[in-house]
Protein chains: 8
Amino acid sequence: MTEPAPHLADYATLDLQRVDRRGYPEAVYCEGKTAEQVAGIAAAVRSRPDAVTLFTRAGPEHAKAIQQELPEARYDLEARLLAWPADPPEPSGGLVVVVSAGTSDLPVAREALLTASYLGRPTELVVDVGVAGLHRVLGQRQQIDEADVVVVVAGMDGALASVIGGIAACPAIGVPTSVGYGSARGGETALQSMLCSCADGLSVVGIDDGLGAGSVAARIARRAAG
Amino acid sequence: MTEPAPHLADYATLDLQRVDRRGYPEAVYCEGKTAEQVAGIAAAVRSRPDAVTLFTRAGPEHAKAIQQELPEARYDLEARLLAWPADPPEPSGGLVVVVSAGTSDLPVAREALLTASYLGRPTELVVDVGVAGLHRVLGQRQQIDEADVVVVVAGMDGALASVIGGIAACPAIGVPTSVGYGSARGGETALQSMLCSCADGLSVVGIDDGLGAGSVAARIARRAAG
Amino acid sequence: MTEPAPHLADYATLDLQRVDRRGYPEAVYCEGKTAEQVAGIAAAVRSRPDAVTLFTRAGPEHAKAIQQELPEARYDLEARLLAWPADPPEPSGGLVVVVSAGTSDLPVAREALLTASYLGRPTELVVDVGVAGLHRVLGQRQQIDEADVVVVVAGMDGALASVIGGIAACPAIGVPTSVGYGSARGGETALQSMLCSCADGLSVVGIDDGLGAGSVAARIARRAAG
Amino acid sequence: MTEPAPHLADYATLDLQRVDRRGYPEAVYCEGKTAEQVAGIAAAVRSRPDAVTLFTRAGPEHAKAIQQELPEARYDLEARLLAWPADPPEPSGGLVVVVSAGTSDLPVAREALLTASYLGRPTELVVDVGVAGLHRVLGQRQQIDEADVVVVVAGMDGALASVIGGIAACPAIGVPTSVGYGSARGGETALQSMLCSCADGLSVVGIDDGLGAGSVAARIARRAAG
Amino acid sequence: MTEPAPHLADYATLDLQRVDRRGYPEAVYCEGKTAEQVAGIAAAVRSRPDAVTLFTRAGPEHAKAIQQELPEARYDLEARLLAWPADPPEPSGGLVVVVSAGTSDLPVAREALLTASYLGRPTELVVDVGVAGLHRVLGQRQQIDEADVVVVVAGMDGALASVIGGIAACPAIGVPTSVGYGSARGGETALQSMLCSCADGLSVVGIDDGLGAGSVAARIARRAAG
Amino acid sequence: MTEPAPHLADYATLDLQRVDRRGYPEAVYCEGKTAEQVAGIAAAVRSRPDAVTLFTRAGPEHAKAIQQELPEARYDLEARLLAWPADPPEPSGGLVVVVSAGTSDLPVAREALLTASYLGRPTELVVDVGVAGLHRVLGQRQQIDEADVVVVVAGMDGALASVIGGIAACPAIGVPTSVGYGSARGGETALQSMLCSCADGLSVVGIDDGLGAGSVAARIARRAAG
Amino acid sequence: MTEPAPHLADYATLDLQRVDRRGYPEAVYCEGKTAEQVAGIAAAVRSRPDAVTLFTRAGPEHAKAIQQELPEARYDLEARLLAWPADPPEPSGGLVVVVSAGTSDLPVAREALLTASYLGRPTELVVDVGVAGLHRVLGQRQQIDEADVVVVVAGMDGALASVIGGIAACPAIGVPTSVGYGSARGGETALQSMLCSCADGLSVVGIDDGLGAGSVAARIARRAAG
Amino acid sequence: MTEPAPHLADYATLDLQRVDRRGYPEAVYCEGKTAEQVAGIAAAVRSRPDAVTLFTRAGPEHAKAIQQELPEARYDLEARLLAWPADPPEPSGGLVVVVSAGTSDLPVAREALLTASYLGRPTELVVDVGVAGLHRVLGQRQQIDEADVVVVVAGMDGALASVIGGIAACPAIGVPTSVGYGSARGGETALQSMLCSCADGLSVVGIDDGLGAGSVAARIARRAAG
């Protein structure tokens, strides 16, 4: 016997008033939701084009289901992020610089970058500057000096956060990634390493949490006098 | 045979130019250093009264040794923090509100508060507002709304960070404490709990790291337009 | 050479007298059993329609094998639970309210709900009330006040259990789920967080153990004077 | 220079209205608080003799400080619990039976017992019934059958909770203790063992959390029809 | 360009003299070896039919490759064990009783049983006797009394090892299995639980190590006077 | 007000019939018991001189209290073991050889040795044969060949158990010790290392559990045909 | 809409000057990079045939993409290593001996061997010498004596590193592998075991890090006087 | 009754021929040995003044006992190391540079330095160069370039090892220290961080293992052509 299609209220309680209350977009975490469920949510937010909705950790199946409800939504395959409406707001506030330690950290770095961008900040991306080649880090010194907040995305030993945290004068946010094998322990090593860094001005978000980092960075930079 | 008194260069490389380069005070971590060593450092910083030096995790023995070199230094017994010169600079920038979940979290909360204060920010302290009594949290709503950055100090389940992170519109910094027994696992539970909170705008520093939290908060609030 | 079909006694010792002794149904945990094995068990319980048998963690293969022996059995795909006979007993005792923090926690929440229901209690389900949106939690206040026992199903930081445990006057049971990534550590963070919650009246079952939670809740509510 | 005595509001926010709102006593966790701080709290609750206040994890120093403010308070040295007023309320509701696996588990068992007792339930204590001597467990069968809720306090392998959970028809609450060495890992083994027990009707509180267990048991038994 | 077939000496150093030296068969662990590699080893042992060779953790691909070299080898699909020559030696020495807690523990239990059998001991298997149904355990009392060594195979809380260890007068060997989810933590909970059991006469082998348990049991029973 | 002396029944349930039922002595674990409690137990066993009672993990305070009740009891300071009556039974059964990796492992090795001895087996002790000096191990080859069961006591990497397990033809029992620092992790490394050793015939007891090892060894050797 | 092909600068910052600065080849870690990305890197290094580039952890898809850009590159399937140019330099410096504990450790052992070889050292491989068969280890004594540095590759208990570290007079490097199941814990046991070995002259690299071991060995041997 | 003084053979098997066989001194690990035991060993080595004996982790009590037997032995209080004969051999081989991240890492750094020195190498010490002040690290560039092997001693995030490993052309050895609190987790974070560093040429010894690091460094440098 076929079960009837579930109603949105059976699995989700949307919070469309949040935009008004908080001035921030809604983020819908797709992993662990069925394609049918995210489609239901996509249909529900269609009535609020004045606010940005971000669908995060969206695999191809999720993306397809969402884009059937919101055809103009933009899907960034690498960041696994889907945004609707497609265009980020006009940038305002301080500059968010996202620094990525290695090529494999890029998906998380882009998630942070796009999140900050859709929250309305100007952003820049610096790629593949590992600590083992210190001159590459030091070569990016100027961009770090211009930043109002720096997001450092790194797996393995996470040492880049300590090094950049020591250089930067603005607040820095570390994002440990699950990149690496063996002793990297799924990001736990980078996480703990960042947490006990001596660099002051450094705080940390969860493993692979590009969304969180972008969100914190956007809040900090919104308040930056520049 | 008696060993001669060690020279400062044998155990520490001070960085007195850091103030000029970074505009921030030097923090000397006392735990694991002998009273003799911190006294040597205290003697060395005497020549730079224009900058603040914070001696953190200073036990009574450390405090005594430091105050023999810097008699005007102020010692906060609860925060185990010693500051010299004794008076914090004139407050400027945005407001830092430190919220403490329980009485036992106070030492860490005060370390954060004093650090932000010596870094030049206006600060306020809210004590003993646990999640189990939600009305107490909600009763502090106004102070949270006025903050430019909120520091949430909590041990045990660390749930206060999620709750306040969900209320606050400004950036929030979670400080897990090692308060609690058994499943609190020395702060690890509060730490991981904060790291996977759904509250956006929340980042985290290491367990019991009041110094780090105060330092991050001061940087963020310095840039706050208000 | 083909091995002969195994006999039930080669792999399982059923306990059909348990119903008489304890007044409770038998639960057959399917994960790790072959379809052939669960079919053998299904065939064996057919002789006891007076008692409810629950097949838990039953994948589609298990469900198919069971329904060939017990065609009238009901399969809840989301909870991965199969019940025979299909209809729960007439509800009696106190009210079990199951609260789910997020959409992804629904499978475990439904397992708890159905278990309590097949054990004979009246049940209600509240979905998607995360701590980050505190007003959503507070909006469910009335249902929580009417409950005789509350089951709180939450992954990530598990903070919902602390918040509801602090509100509820009845006993609360926390069910940590393996939902989440990185610092959620497969439910370990939610588990430890719930275990060191300050909310009194809160006890906890294992990660994703909807069956256990429903079973505990049904026992407590059976005894509730109402 | 001598610091002035701190005011209660500097370190604690009491919740004296909680009794009215919830019908439960206030529990003050002493570990991590100074003698001066608990004395301050003791002085503050003196105005509410109509409600029970429990001071838990109270060492001799705490006890002395509290009894100077509340001379009639009763101190149970083994449970490290101090109660004021000294006499528990007249017992009502169902019977709480506390079972202790070994002599070393007694402090936690007594904390659970006294908590349930001060919350108004009739209680009984069964001591030193380890699983390795199964006949000792089975010898207590009658008391377990008469209970409305059983609290099982056990360290090491925590197997007693599985065994009693399998025997009891009422809800059971497991309390892992930090008793044991090596592989007992401070109670973590007993905790995880209880959490994945197959016994239905068993839920768990944190390591050494006699207060929590007593509190849950009292709530469950209050509702027991008997 | 095609690489030439590797020689046995490139990847393995067989120890065919071990039988003479130790009187024990060779065990070849297949997991992590290619089908080609195990085939090479199978070809090499063909010259020693006087000794038993056990191929353990052999998947279907391994089995197929081995049986092409040793067609008479016997493959036990459940235990993933392949033995050559196919028939175990005539039983001698004391009785090995293998007790399995649940249906899902059977593969490991059978690996232990077959290993002891191919090492020349008489063996018996008891299935599905969980602690939650204590009467089922007690119902097997006679077989346990007749054993010269008992192997207890259990996942989840591993409590069966404590219970049987407390009953048995002969040595007992616990085998934790990776059966279970969540708090079972892949067998770690059962392992630690068995290690801190109070039952004397109990020792433990690694998680899922049926081979090790069978081997230890066979050694102990070989020496049993009966 | 002075509390009256507690009765034995308030904190312990002795099992004096165990000797009759099982033929084994009672072991009283002292750690975590007060001197008063062990004295009470000592007084109670005085009526059963026909059986051996072992008081384990007995500090000087415990020893003093026990010897006031049982003046002839023998106290082994290094093993922290107290036996009454003082003389072990006449040795019978197979030979138990205890091998200790380092000087610091001696307390645990002696606890195993004495336990096996008081359980009636002939015993020998081999000290300080670490794997890093392989010739020292090989120099003890003859004693290992004569053993009916070998107990290997080792901390750090625990590699001695693998090496001796590979040499010995009889069953071997590994006892990981908490000796070592840093990566030894309180014995956890030696434990896990022994558990995944490839040496067949090796089983393991808990960290520092000399009592358990001696008890298992005595059971195995009792049955040894010699 | 099709995204344009990404530019190398969007995901990687090559360091082709490193060869000049350091005299070492570039290693490109493929896991976590797309085939497209490694192809882009392969194209970029084509201009530097005077230096060796190693592509490590390269699956078949990576290999195919790289060989389209660098057709002469050599792919070692077992080590998952791709080298370009294909021929290692003329060997110079001291001898690197790689010892592998089991057949399943071979992929990591070959990665170490090839790395040292492409870095210009003479190398030898010893396979399948487990500690459980000590005579096999001792049979390789001569090769170990001739080595200038020994790399020991072992999973499970990692005891081979302790044994060989105790025999060798030259520096030894341990490489724990993730081979094994249960208590091997993905290589963590071998790692910790090697780290607390008593053998002097032993240092360790990360789990499965054949590249790191080969690189360290080559550096040490380059400096060896012979 | 007084026990007679134990004989050396009861607790230790010295290996005085090791010097001849291996050309290396004996290291006696004092922690966990009694003062009486180390005195016995000290008396035994007196007959071999041609070889160096190092007593490591020697507290004041150990030192006093040793110096009564070997009055000319030299005790380094900070490194807790006692050497006899007092003077290191004439330096030969390559230069060992020990770099210490912070003042609190000095005890371990000195243990490494003295070990290498007593093993006959020329040594240099660089103190207090943390990653957070990168210019301090870069200021030591010349010493690192002159080294034949670098030992990097660091706690907390251990990032200094990655940075120096990336700079140095010679082999580098990381020594994680247990310095730090909270997330430093007793050195585990620094350890894992170093193990997954991308710097090639870096290997690692156990937490706080200055002895091991000095020993490895001396072996490597002995072979250095310079």
# chains A, B, ... in the order shown; residues from 1 in each chain; ligands from 1
call {"tool": "residues_around", "arguments": {"residues": "Gly186 in chain F", "least_positions_apart": "2", "cutoff": "9 Å", "atoms": "only C-alpha atoms", "output": "CSV table (one decimal) with C-alpha atoms, in the first residue's frame"}}
result
chain,number,residue,atom,x,y,z
D,182,GLY,CA,42.6,0.4,34.5
F,155,GLY,CA,53.9,-1.8,30.2
F,156,MET,CA,54.9,0.7,27.5
F,177,THR,CA,50.7,-2.4,33.2
F,178,SER,CA,50.2,1.3,33.7
F,179,VAL,CA,54.0,1.8,33.8
F,180,GLY,CA,55.3,4.4,31.4
F,181,TYR,CA,54.4,8.0,30.4
F,182,GLY,CA,53.1,9.9,27.5
F,183,SER,CA,52.1,7.5,24.7
F,184,ALA,CA,51.9,4.6,27.2
F,188,GLU,CA,46.1,1.4,27.3
F,189,THR,CA,48.8,1.1,24.6
F,190,ALA,CA,50.2,-2.1,26.1
F,207,ILE,CA,45.5,-3.2,33.1
call {"tool": "residues_around", "arguments": {"residues": "Ala27 in chain E", "least_positions_apart": "3", "cutoff": "9 Å", "atoms": "only C-alpha atoms", "output": "mmCIF file with N, CA and C atoms, in the first residue's frame"}}
result
data_model
loop_
_atom_site.group_PDB
_atom_site.id
_atom_site.type_symbol
_atom_site.label_atom_id
_atom_site.label_comp_id
_atom_site.auth_asym_id
_atom_site.auth_seq_id
_atom_site.Cartn_x
_atom_site.Cartn_y
_atom_site.Cartn_z
ATOM 1 N N VAL E 52 47.310 -28.966 9.233
ATOM 2 C CA VAL E 52 46.126 -28.198 8.877
ATOM 3 C C VAL E 52 46.528 -26.758 8.571
ATOM 4 N N THR E 53 45.990 -26.213 7.490
ATOM 5 C CA THR E 53 46.135 -24.777 7.225
ATOM 6 C C THR E 53 44.750 -24.152 7.278
ATOM 7 N N LEU E 54 44.629 -23.062 8.041
ATOM 8 C CA LEU E 54 43.357 -22.341 8.121
ATOM 9 C C LEU E 54 43.500 -21.004 7.396
ATOM 10 N N PHE E 55 42.601 -20.742 6.469
ATOM 11 C CA PHE E 55 42.542 -19.428 5.824
ATOM 12 C C PHE E 55 41.402 -18.663 6.491
ATOM 13 N N THR E 56 41.709 -17.584 7.215
ATOM 14 C CA THR E 56 40.676 -16.880 7.975
ATOM 15 C C THR E 56 40.284 -15.571 7.309
ATOM 16 N N LEU E 211 39.391 -16.591 15.908
ATOM 17 C CA LEU E 211 40.571 -17.417 15.696
ATOM 18 C C LEU E 211 41.419 -17.476 16.966
#
call {"tool": "interface_residues", "arguments": {"of": "chain E", "to": "chain G", "cutoff": "8 Å", "atoms": "only C-alpha atoms", "output": "PyMOL selection string"}}
result
chain E and resi 9-13+32-33+178+186-187+206-208
call {"tool": "write_last_selection", "arguments": {"atoms": "N, CA and C atoms", "output": "PDB file, in the first residue's frame"}}
result
ATOM      1  N   ALA E   9      57.868 -15.155  -2.831  1.00  0.00           N
ATOM      2  CA  ALA E   9      58.878 -14.525  -1.980  1.00  0.00           C
ATOM      3  C   ALA E   9      58.791 -12.995  -1.981  1.00  0.00           C
ATOM      4  N   ASP E  10      58.080 -12.435  -2.963  1.00  0.00           N
ATOM      5  CA  ASP E  10      57.941 -10.983  -3.017  1.00  0.00           C
ATOM      6  C   ASP E  10      56.953 -10.471  -1.985  1.00  0.00           C
ATOM      7  N   TYR E  11      56.091 -11.331  -1.484  1.00  0.00           N
ATOM      8  CA  TYR E  11      55.077 -10.815  -0.563  1.00  0.00           C
ATOM      9  C   TYR E  11      54.856 -11.663   0.678  1.00  0.00           C
ATOM     10  N   ALA E  12      55.439 -12.874   0.754  1.00  0.00           N
ATOM     11  CA  ALA E  12      55.179 -13.690   1.948  1.00  0.00           C
ATOM     12  C   ALA E  12      56.356 -14.608   2.234  1.00  0.00           C
ATOM     13  N   THR E  13      56.589 -14.850   3.506  1.00  0.00           N
ATOM     14  CA  THR E  13      57.617 -15.777   3.946  1.00  0.00           C
ATOM     15  C   THR E  13      56.906 -16.873   4.739  1.00  0.00           C
ATOM     16  N   GLY E  32      42.912  -8.071   3.332  1.00  0.00           N
ATOM     17  CA  GLY E  32      44.049  -7.228   2.989  1.00  0.00           C
ATOM     18  C   GLY E  32      45.020  -7.905   2.033  1.00  0.00           C
ATOM     19  N   LYS E  33      44.802  -9.174   1.767  1.00  0.00           N
ATOM     20  CA  LYS E  33      45.606  -9.842   0.744  1.00  0.00           C
ATOM     21  C   LYS E  33      44.757  -9.962  -0.519  1.00  0.00           C
ATOM     22  N   SER E 178      32.003  -6.940  17.421  1.00  0.00           N
ATOM     23  CA  SER E 178      31.696  -5.579  16.963  1.00  0.00           C
ATOM     24  C   SER E 178      30.211  -5.406  16.691  1.00  0.00           C
ATOM     25  N   GLY E 186      31.664  -0.374  18.154  1.00  0.00           N
ATOM     26  CA  GLY E 186      32.436  -1.342  17.384  1.00  0.00           C
ATOM     27  C   GLY E 186      33.087  -2.422  18.221  1.00  0.00           C
ATOM     28  N   GLY E 187      32.546  -2.694  19.390  1.00  0.00           N
ATOM     29  CA  GLY E 187      33.077  -3.775  20.214  1.00  0.00           C
ATOM     30  C   GLY E 187      33.931  -3.283  21.367  1.00  0.00           C
ATOM     31  N   GLY E 206      41.079 -10.182  21.414  1.00  0.00           N
ATOM     32  CA  GLY E 206      40.681  -8.965  20.714  1.00  0.00           C
ATOM     33  C   GLY E 206      39.281  -9.034  20.124  1.00  0.00           C
ATOM     34  N   ILE E 207      38.770  -7.892  19.732  1.00  0.00           N
ATOM     35  CA  ILE E 207      37.430  -7.784  19.173  1.00  0.00           C
ATOM     36  C   ILE E 207      37.288  -8.671  17.938  1.00  0.00           C
ATOM     37  N   ASP E 208      36.255  -9.470  17.908  1.00  0.00           N
ATOM     38  CA  ASP E 208      35.928 -10.348  16.770  1.00  0.00           C
ATOM     39  C   ASP E 208      36.986 -11.417  16.521  1.00  0.00           C
TER      40      ASP E 208
END
call {"tool": "select_by_dssp", "arguments": {"residues": "range 9-219 of chain C", "states": "helix (DSSP H, G or I)", "output": "number ranges by chain"}}
result
C: 9-10, 18-22, 35-45, 60-69, 103-118, 134-138, 141-146, 159-167, 182-195, 210-219
call {"tool": "atom_distance", "arguments": {"atom1": "CA of Gln142 in chain G", "atom2": "CA of Ala221 in chain G"}}
result
18.0 Å
call {"tool": "atom_distance", "arguments": {"atom1": "CA of Arg80 in chain G", "atom2": "CA of Gly120 in chain G"}}
result
19.5 Å
call {"tool": "residues_around", "arguments": {"residues": "Gly59 in chain G", "least_positions_apart": "2", "cutoff": "8 Å", "atoms": "only C-alpha atoms", "output": "list of chain:residue names"}}
result
G:Cys30, G:Glu31, G:Arg57, G:Glu61, G:His62, G:Ala63, G:Arg80
call {"tool": "residues_around", "arguments": {"residues": "Ala112 in chain G", "least_positions_apart": "5", "cutoff": "7 Å", "atoms": "only C-alpha atoms", "output": "JSON, numbers by chain"}}
result
{"G": [210, 211, 213, 214]}
